[in-house]
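Source file: work-v7.txt (compact mmCIF, C-alpha atoms)
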# COMPACT_ATOMS: atom_id res chain seq x y z
CA MET A 1 -1.59 8.52 -2.88
CA GLY A 2 -2.41 8.53 -6.56
CA MET A 3 -5.18 11.07 -5.89
CA SER A 4 -2.62 13.56 -4.61
CA GLY A 5 -0.32 13.95 -7.59
CA ALA A 6 2.05 11.02 -7.15
CA TYR A 7 1.35 9.74 -10.67
CA GLY A 8 0.31 12.94 -12.41
CA GLN A 9 -2.33 15.62 -12.15
CA THR A 10 -5.72 14.80 -10.65
CA ALA A 11 -9.00 16.59 -9.95
CA ASP A 12 -10.34 16.62 -6.40
CA ASP A 13 -14.00 16.42 -7.44
CA GLU A 14 -13.32 13.31 -9.51
CA SER A 15 -11.30 11.80 -6.65
CA VAL A 16 -14.17 12.31 -4.21
CA HIS A 17 -16.57 10.78 -6.73
CA THR A 18 -14.21 7.79 -7.03
CA ILE A 19 -14.11 7.27 -3.26
CA HIS A 20 -17.91 7.40 -3.16
CA ALA A 21 -18.13 4.88 -6.01
CA TYR A 22 -15.83 2.55 -4.08
CA LEU A 23 -17.89 2.83 -0.89
CA ASP A 24 -21.11 2.36 -2.84
CA ALA A 25 -19.68 -0.85 -4.34
CA GLY A 26 -19.08 -2.24 -0.86
CA GLY A 27 -15.44 -1.30 -0.42
CA THR A 28 -14.30 -0.22 3.03
CA LEU A 29 -10.51 0.16 3.24
CA LEU A 30 -9.18 3.67 2.58
CA ASP A 31 -5.42 3.95 2.84
CA THR A 32 -3.66 7.30 3.18
CA GLY A 33 -0.64 8.98 4.72
CA ASP A 34 -0.22 12.32 6.43
CA PHE A 35 2.67 13.08 4.07
CA TYR A 36 0.78 12.41 0.82
CA ALA A 37 1.11 15.87 -0.70
CA ALA A 38 1.66 17.30 2.79
CA GLY A 39 -1.82 16.54 4.09
CA HIS A 40 -3.76 17.05 0.86
CA ASN A 41 -4.79 13.41 0.68
CA GLU A 42 -6.13 13.31 4.23
CA LEU A 43 -8.15 16.46 3.55
CA LEU A 44 -9.50 14.81 0.40
CA VAL A 45 -10.51 11.64 2.23
CA GLY A 46 -12.05 13.74 5.00
CA ARG A 47 -14.08 15.65 2.44
CA ALA A 48 -15.34 12.42 0.88
CA LEU A 49 -16.38 11.01 4.25
CA ARG A 50 -18.30 14.11 5.33
CA GLU A 51 -21.22 12.86 3.26
CA ARG A 52 -21.00 9.32 4.62
CA SER A 53 -21.19 7.49 7.91
CA ARG A 54 -17.78 7.22 9.55
CA ASP A 55 -18.47 3.51 10.04
CA ASP A 56 -18.57 3.02 6.26
CA ALA A 57 -14.78 3.21 6.06
CA VAL A 58 -11.73 1.57 7.60
CA LEU A 59 -9.14 4.36 7.71
CA SER A 60 -5.54 3.21 7.50
CA VAL A 61 -3.06 6.05 8.06
CA LYS A 62 0.73 6.12 7.71
CA PHE A 63 2.87 8.70 9.48
CA GLY A 64 6.49 9.62 10.13
CA GLU A 65 7.76 10.53 6.66
CA MET A 66 9.27 14.01 6.85
CA LEU A 67 9.14 16.48 3.94
CA THR A 68 11.14 19.51 2.90
CA PRO A 69 9.33 22.75 1.89
CA ALA A 70 9.76 21.54 -1.70
CA GLY A 71 7.85 18.36 -0.86
CA MET A 72 10.84 16.01 -1.01
CA PRO A 73 11.38 13.19 1.51
CA SER A 74 13.82 14.13 4.28
CA GLY A 75 13.88 11.18 6.64
CA GLU A 76 11.66 9.70 9.33
CA ASP A 77 10.45 10.78 12.75
CA ALA A 78 8.81 8.09 14.86
CA ARG A 79 9.53 9.45 18.33
CA PRO A 80 6.61 8.96 20.77
CA ALA A 81 6.03 12.72 21.03
CA ALA A 82 5.98 13.00 17.25
CA VAL A 83 3.54 10.08 16.97
CA ARG A 84 1.02 11.86 19.18
CA ASN A 85 1.52 15.14 17.35
CA PHE A 86 1.12 13.60 13.89
CA LEU A 87 -2.09 11.86 14.91
CA MET A 88 -3.67 15.08 16.16
CA TYR A 89 -3.17 16.72 12.77
CA SER A 90 -4.45 13.62 10.94
CA LEU A 91 -7.64 13.49 13.00
CA GLN A 92 -8.27 17.15 12.22
CA ARG A 93 -7.71 16.77 8.48
CA LEU A 94 -9.75 13.56 8.27
CA GLY A 95 -12.58 15.02 10.34
CA THR A 96 -12.79 12.07 12.70
CA ASP A 97 -12.11 11.23 16.33
CA HIS A 98 -10.20 8.01 15.58
CA VAL A 99 -8.34 6.11 12.90
CA ASP A 100 -8.77 2.38 12.45
CA ILE A 101 -5.14 1.51 11.71
CA TYR A 102 -2.13 3.69 12.47
CA ARG A 103 1.33 2.78 11.25
CA PRO A 104 4.81 4.25 10.82
CA ALA A 105 5.47 4.56 7.09
CA ARG A 106 9.11 3.50 7.48
CA LEU A 107 11.37 2.39 10.28
CA ASP A 108 13.05 5.32 12.00
CA PRO A 109 16.66 4.17 12.50
CA ALA A 110 17.07 6.61 15.39
CA VAL A 111 14.09 5.31 17.41
CA PRO A 112 13.66 1.73 18.70
CA ILE A 113 10.54 0.23 17.19
CA GLU A 114 9.43 -0.68 20.71
CA GLU A 115 9.12 3.00 21.60
CA THR A 116 7.08 3.83 18.50
CA ILE A 117 4.71 0.88 18.94
CA GLY A 118 4.41 1.62 22.65
CA ALA A 119 3.28 5.16 21.84
CA ILE A 120 0.63 3.90 19.40
CA ALA A 121 -0.51 1.33 21.98
CA GLU A 122 -1.18 4.20 24.39
CA LEU A 123 -3.30 5.86 21.70
CA VAL A 124 -5.22 2.59 21.33
CA GLU A 125 -5.92 2.59 25.06
CA GLN A 126 -7.13 6.20 24.80
CA GLY A 127 -9.50 5.37 21.93
CA TYR A 128 -7.82 7.46 19.23
CA VAL A 129 -6.54 4.39 17.34
CA ARG A 130 -8.24 1.02 16.90
CA HIS A 131 -5.36 -1.15 15.59
CA ILE A 132 -1.59 -0.95 15.09
CA GLY A 133 -0.01 -1.62 11.72
CA LEU A 134 3.49 -1.75 10.26
CA SER A 135 4.87 -0.78 6.86
CA GLU A 136 7.93 -1.91 4.92
CA VAL A 137 9.78 -3.62 7.75
CA GLY A 138 11.61 -6.93 7.96
CA PRO A 139 11.25 -10.07 10.12
CA GLU A 140 13.30 -8.89 13.10
CA THR A 141 11.43 -5.59 13.36
CA ILE A 142 8.09 -7.38 13.00
CA ARG A 143 8.93 -9.70 15.91
CA ARG A 144 10.11 -6.83 18.11
CA ALA A 145 6.97 -4.81 17.38
CA ALA A 146 4.64 -7.74 18.01
CA ALA A 147 6.30 -8.34 21.39
CA VAL A 148 5.08 -4.89 22.51
CA ALA A 149 1.46 -4.93 21.28
CA PRO A 150 -0.81 -6.82 18.85
CA ILE A 151 -0.06 -5.94 15.22
CA SER A 152 -2.99 -6.08 12.80
CA ASP A 153 -1.15 -6.06 9.50
CA LEU A 154 2.00 -5.27 7.58
CA GLN A 155 1.64 -2.99 4.58
CA ILE A 156 4.25 -3.93 2.01
CA GLU A 157 4.71 -4.16 -1.74
CA TYR A 158 3.62 -7.49 -3.16
CA SER A 159 2.77 -8.34 -6.75
CA LEU A 160 3.67 -10.70 -9.54
CA LEU A 161 6.74 -8.53 -10.10
CA SER A 162 7.64 -8.11 -6.39
CA ARG A 163 7.63 -11.38 -4.47
CA ASP A 164 10.52 -11.00 -2.03
CA ILE A 165 8.23 -11.19 1.01
CA GLU A 166 7.60 -14.87 0.30
CA ASP A 167 11.08 -15.81 1.57
CA GLU A 168 11.00 -14.62 5.19
CA ILE A 169 8.51 -11.84 5.83
CA LEU A 170 5.30 -13.66 4.92
CA PRO A 171 6.18 -16.77 6.99
CA VAL A 172 6.93 -14.62 10.06
CA CYS A 173 3.67 -12.69 9.66
CA ARG A 174 1.72 -15.91 9.39
CA GLU A 175 3.47 -17.35 12.44
CA LEU A 176 2.44 -14.27 14.45
CA GLY A 177 -1.07 -13.94 13.00
CA ILE A 178 -0.32 -10.67 11.21
CA GLY A 179 -2.13 -9.93 7.95
CA ILE A 180 -0.61 -8.47 4.80
CA THR A 181 -1.96 -5.35 3.11
CA ALA A 182 -0.32 -5.61 -0.29
CA TYR A 183 0.33 -2.39 -2.18
CA GLY A 184 1.82 -2.05 -5.64
CA VAL A 185 -0.37 -4.94 -6.79
CA LEU A 186 -0.33 -3.59 -10.35
CA ALA A 187 3.37 -2.69 -10.14
CA ARG A 188 2.56 1.04 -10.33
CA GLY A 189 0.77 0.57 -13.64
CA LEU A 190 3.20 -1.81 -15.33
CA ILE A 191 0.49 -4.47 -15.11
CA GLY A 192 -2.63 -3.50 -16.99
CA GLY A 193 -1.91 0.22 -16.88
CA SER A 194 -2.17 2.82 -19.59
CA GLY A 195 1.54 2.66 -20.30
CA ALA A 196 2.02 6.26 -19.25
CA ALA A 197 4.75 7.07 -16.76
CA GLY A 198 3.54 10.27 -15.13
CA GLY A 199 4.38 11.89 -11.82
CA ALA A 200 7.20 10.14 -9.98
CA LEU A 201 7.18 7.02 -12.16
CA PRO A 202 9.98 7.96 -14.60
CA MET A 203 12.52 7.81 -11.77
CA MET A 204 11.49 4.29 -10.77
CA PRO A 205 14.08 1.70 -11.90
CA ARG A 206 11.50 -0.63 -13.44
CA PHE A 207 10.40 2.17 -15.77
CA GLN A 208 13.93 2.94 -16.97
CA PRO A 209 14.86 2.23 -20.62
CA GLY A 210 15.77 -1.42 -21.05
CA ASN A 211 14.06 -2.43 -17.82
CA ARG A 212 10.68 -1.12 -18.99
CA GLU A 213 10.72 -3.12 -22.22
CA HIS A 214 11.73 -6.32 -20.40
CA ASN A 215 9.02 -5.90 -17.77
CA ASP A 216 6.39 -5.08 -20.39
CA ARG A 217 7.18 -8.36 -22.15
CA LEU A 218 6.73 -10.27 -18.90
CA VAL A 219 3.35 -8.69 -18.32
CA THR A 220 2.18 -9.17 -21.90
CA SER A 221 2.82 -12.90 -21.58
CA LEU A 222 -0.05 -13.05 -19.08
CA LYS A 223 -2.54 -12.15 -21.79
CA GLU A 224 -3.22 -15.80 -22.52
CA ILE A 225 -4.42 -16.29 -18.92
CA ALA A 226 -6.48 -13.10 -18.99
CA ASP A 227 -8.13 -14.00 -22.30
CA ALA A 228 -9.01 -17.48 -21.04
CA LYS A 229 -10.65 -15.94 -17.98
CA HIS A 230 -12.39 -13.17 -19.96
CA ALA A 231 -10.56 -10.75 -17.69
CA THR A 232 -8.09 -7.91 -17.98
CA LEU A 233 -4.41 -8.17 -17.09
CA ALA A 234 -5.06 -5.99 -14.05
CA GLN A 235 -7.84 -8.27 -12.82
CA VAL A 236 -5.61 -11.33 -13.15
CA ALA A 237 -2.84 -9.58 -11.21
CA ILE A 238 -5.24 -8.58 -8.41
CA ALA A 239 -6.74 -12.09 -8.31
CA TRP A 240 -3.25 -13.59 -8.12
CA VAL A 241 -2.36 -11.55 -5.03
CA ALA A 242 -5.73 -12.23 -3.39
CA GLY A 243 -5.30 -15.92 -4.17
CA GLN A 244 -2.07 -16.19 -2.19
CA GLY A 245 -3.99 -16.40 1.08
CA ALA A 246 -7.02 -15.18 3.00
CA ASP A 247 -4.64 -13.13 5.15
CA ILE A 248 -3.57 -10.98 2.19
CA VAL A 249 -5.61 -7.93 1.14
CA PRO A 250 -4.74 -6.34 -2.22
CA LEU A 251 -4.59 -2.56 -1.93
CA VAL A 252 -5.38 -1.17 -5.38
CA GLY A 253 -4.92 2.49 -6.16
CA SER A 254 -7.72 4.03 -8.21
CA ARG A 255 -8.20 7.58 -9.45
CA ARG A 256 -11.34 7.27 -11.56
CA PRO A 257 -14.74 5.61 -11.03
CA GLY A 258 -14.19 3.27 -13.99
CA GLN A 259 -11.14 1.82 -12.29
CA ILE A 260 -13.30 0.95 -9.29
CA GLU A 261 -15.50 -1.20 -11.52
CA THR A 262 -12.45 -3.06 -12.83
CA MET A 263 -11.09 -3.60 -9.33
CA ILE A 264 -14.37 -4.94 -7.94
CA ALA A 265 -14.78 -7.26 -10.92
CA SER A 266 -11.44 -8.88 -10.11
CA THR A 267 -13.16 -10.66 -7.21
CA THR A 268 -14.98 -12.84 -9.75
CA VAL A 269 -11.72 -14.07 -11.33
CA THR A 270 -10.77 -17.51 -10.03
CA LEU A 271 -7.30 -18.93 -10.57
CA ASP A 272 -7.01 -22.70 -10.13
CA PRO A 273 -3.72 -24.55 -9.39
CA GLU A 274 -3.06 -25.01 -13.11
CA ASP A 275 -3.51 -21.28 -13.71
CA LEU A 276 -1.15 -20.43 -10.85
CA ALA A 277 1.46 -22.87 -12.15
CA ARG A 278 1.24 -21.39 -15.64
CA ILE A 279 1.58 -17.87 -14.25
CA ASP A 280 4.74 -18.95 -12.42
CA GLU A 281 6.12 -20.22 -15.72
CA LEU A 282 5.29 -17.00 -17.55
CA VAL A 283 6.43 -14.62 -14.80
CA PRO A 284 8.90 -16.47 -12.56
CA LYS A 285 9.72 -15.10 -9.15
CA GLY A 286 12.49 -12.53 -9.46
CA ALA A 287 12.03 -12.09 -13.21
CA ALA A 288 11.33 -8.36 -13.07
CA ARG A 289 14.22 -6.11 -14.01
CA GLY A 290 15.05 -3.13 -11.81
CA ALA A 291 14.76 -2.48 -8.07
CA ARG A 292 11.46 -1.48 -6.44
CA TYR A 293 12.71 2.02 -5.61
CA PRO A 294 15.55 4.29 -6.78
CA GLU A 295 18.93 3.54 -5.20
CA GLY A 296 18.73 6.57 -2.90
CA HIS A 297 15.47 5.32 -1.38
CA MET A 298 16.51 1.70 -0.81
CA PRO A 299 18.23 2.36 2.56
CA ASP A 300 14.83 3.47 3.90
CA LEU A 301 13.47 -0.07 3.46
CA ASP A 302 14.01 -2.22 6.53
CA ASP A 303 12.72 -5.25 4.60
CA ARG A 304 15.05 -5.25 1.61
Rewrite the structure of this file - the entire thing - as structure tokens.
Amino acid sequence: MGMSGAYGQTADDESVHTIHAYLDAGGTLLDTGDFYAAGHNELLVGRALRERSRDDAVLSVKFGEMLTPAGMPSGEDARPAAVRNFLMYSLQRLGTDHVDIYRPARLDPAVPIEETIGAIAELVEQGYVRHIGLSEVGPETIRRAAAVAPISDLQIEYSLLSRDIEDEILPVCRELGIGITAYGVLARGLIGGSGAAGGALPMMPRFQPGNREHNDRLVTSLKEIADAKHATLAQVAIAWVAGQGADIVPLVGSRRPGQIETMIASTTVTLDPEDLARIDELVPKGAARGARYPEGHMPDLDDR
């Protein structure tokens, strides 16, 4: 998403180079959405994969988020007919005959989740999709979806500053054998970022005056852990999420090759029980100030 203007201007050539650097370093998971800049991101990923073996990448694709001609969100469409239509366009833009994980980006309140998952399950049977995923849904929806077909993972925000899933969502996923693909691991740049608030970030509550300063102080307190580990704040944050369980995969957005190096190096950071306890003291659960999304977007989250 970050390669398609969500956090400021980018260059396609550099983005492709970054994807190649990630694959060269042994990374496999590429996450995109058909609505990221109205298909731009899928075209970008497709371009990067033209020079590589399709088997080098695990393609995770979100669908269903509708856009206005101005590029603004305008609701969801997860009807079975729409699911099949969206996938056809994604396959064309990505230049592939299948995606590895296909998931509705948000719950469509007008369509029972059983119908949406049933439609994806048919695509699995036909070979166009390998696995079914979910995104930003709560325990009840997860159970209803899993009763229709096997669910590989739930993509949801999870970081030191966003830990709500620990209460109900994570236990349900573990009960059902569903993994977590954690996005927002660096809190959209609040943790270890450049400090800039480009693209859509200024409208995010945690970047608002008053909230931003409070959240920056929380993050800065982690410097003692990072220094002791000879790591960056970002690497500690990634290691913390990865350390919450083998069923949790941190999804880290990168826009430049140098960021890939930092991300890969986080796998060498080990946090022992004492480190984890100290981190909980420095950044207690629920300590962040401001909601995850602007008030107008919160109704779209089934998991809130």
Report task. Would you be able to write out as a PyMOL selection string which residues have an atom within 8 Å of (0.4, 8.3, 3.5) in the file's coordinates, counting all atoms listed in the file? Result -> chain A and resi 1+31-36+41+61-63+105
**Report entry** Nearest candidate to Glu261 of chain A (options A:Ile19, A:Ala25, A:Val58, A:Ile180; using only C-alpha atoms)
**Finding:**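 Looking only at the distances to Glu261 of chain A, the closest residue turns out to be A:Ala25.
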Query raised in the report: When you draw a straight line from atom CA of Ser4 of chain A to atom CA of Ala121 of chain A, how long is it in Å?
Result: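 Distance between the two atoms: 29.3 Å.
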Requested in this report: Grab the atom CA of Glu168 of chain A to atom CA of Glu140 of chain A distance for me, in Å with one decimal place.
Outcome: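 Distance reported for this atom pair: 10.0 Å.
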Query raised in the report: So, counting all atoms listed in the file, which residue among A:Val129, A:Leu23, A:Leu67, A:Ala228 is closest to Arg52 of chain A?
Result: A:Leu23
Using the partial input, fill out segment 94-114 of chain A with N, CA and C atoms; write the result as a compact mmCIF listing (two decimals), in the frame of the given file.
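Result written to part.txt:
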# COMPACT_ATOMS: atom_id res chain seq x y z
N LEU A 94 -8.80 14.60 8.67
CA LEU A 94 -9.75 13.56 8.27
C LEU A 94 -11.15 13.83 8.81
N GLY A 95 -11.28 14.72 9.78
CA GLY A 95 -12.58 15.02 10.34
C GLY A 95 -13.17 13.88 11.14
N THR A 96 -12.33 13.22 11.93
CA THR A 96 -12.79 12.07 12.70
C THR A 96 -12.16 12.11 14.09
N ASP A 97 -12.68 11.28 14.99
CA ASP A 97 -12.11 11.23 16.33
C ASP A 97 -11.22 10.00 16.54
N HIS A 98 -11.08 9.17 15.48
CA HIS A 98 -10.20 8.01 15.58
C HIS A 98 -9.82 7.52 14.20
N VAL A 99 -8.71 6.82 14.12
CA VAL A 99 -8.34 6.11 12.90
C VAL A 99 -8.37 4.62 13.22
N ASP A 100 -8.63 3.81 12.22
CA ASP A 100 -8.77 2.38 12.45
C ASP A 100 -7.43 1.66 12.52
N ILE A 101 -6.48 2.09 11.68
CA ILE A 101 -5.14 1.51 11.71
C ILE A 101 -4.14 2.65 11.61
N TYR A 102 -3.16 2.65 12.47
CA TYR A 102 -2.13 3.69 12.47
C TYR A 102 -0.78 3.00 12.40
N ARG A 103 0.07 3.49 11.48
CA ARG A 103 1.33 2.78 11.25
C ARG A 103 2.45 3.72 10.85
N PRO A 104 3.67 3.48 11.33
CA PRO A 104 4.81 4.25 10.82
C PRO A 104 5.07 3.85 9.37
N ALA A 105 5.28 4.84 8.51
CA ALA A 105 5.47 4.56 7.09
C ALA A 105 6.77 3.82 6.82
N ARG A 106 7.81 4.14 7.60
CA ARG A 106 9.11 3.50 7.48
C ARG A 106 9.70 3.38 8.88
N LEU A 107 10.66 2.52 9.02
CA LEU A 107 11.37 2.39 10.28
C LEU A 107 12.26 3.61 10.49
N ASP A 108 12.16 4.22 11.64
CA ASP A 108 13.05 5.32 12.00
C ASP A 108 14.30 4.72 12.63
N PRO A 109 15.45 4.81 11.96
CA PRO A 109 16.66 4.17 12.50
C PRO A 109 17.13 4.76 13.82
N ALA A 110 16.64 5.95 14.16
CA ALA A 110 17.07 6.61 15.39
C ALA A 110 16.17 6.29 16.58
N VAL A 111 15.07 5.58 16.35
CA VAL A 111 14.09 5.31 17.41
C VAL A 111 13.79 3.81 17.47
N PRO A 112 14.01 3.15 18.59
CA PRO A 112 13.66 1.73 18.70
C PRO A 112 12.19 1.51 18.36
N ILE A 113 11.92 0.49 17.60
CA ILE A 113 10.54 0.23 17.19
C ILE A 113 9.64 0.02 18.40
N GLU A 114 10.22 -0.48 19.50
CA GLU A 114 9.43 -0.68 20.71
C GLU A 114 8.85 0.63 21.23
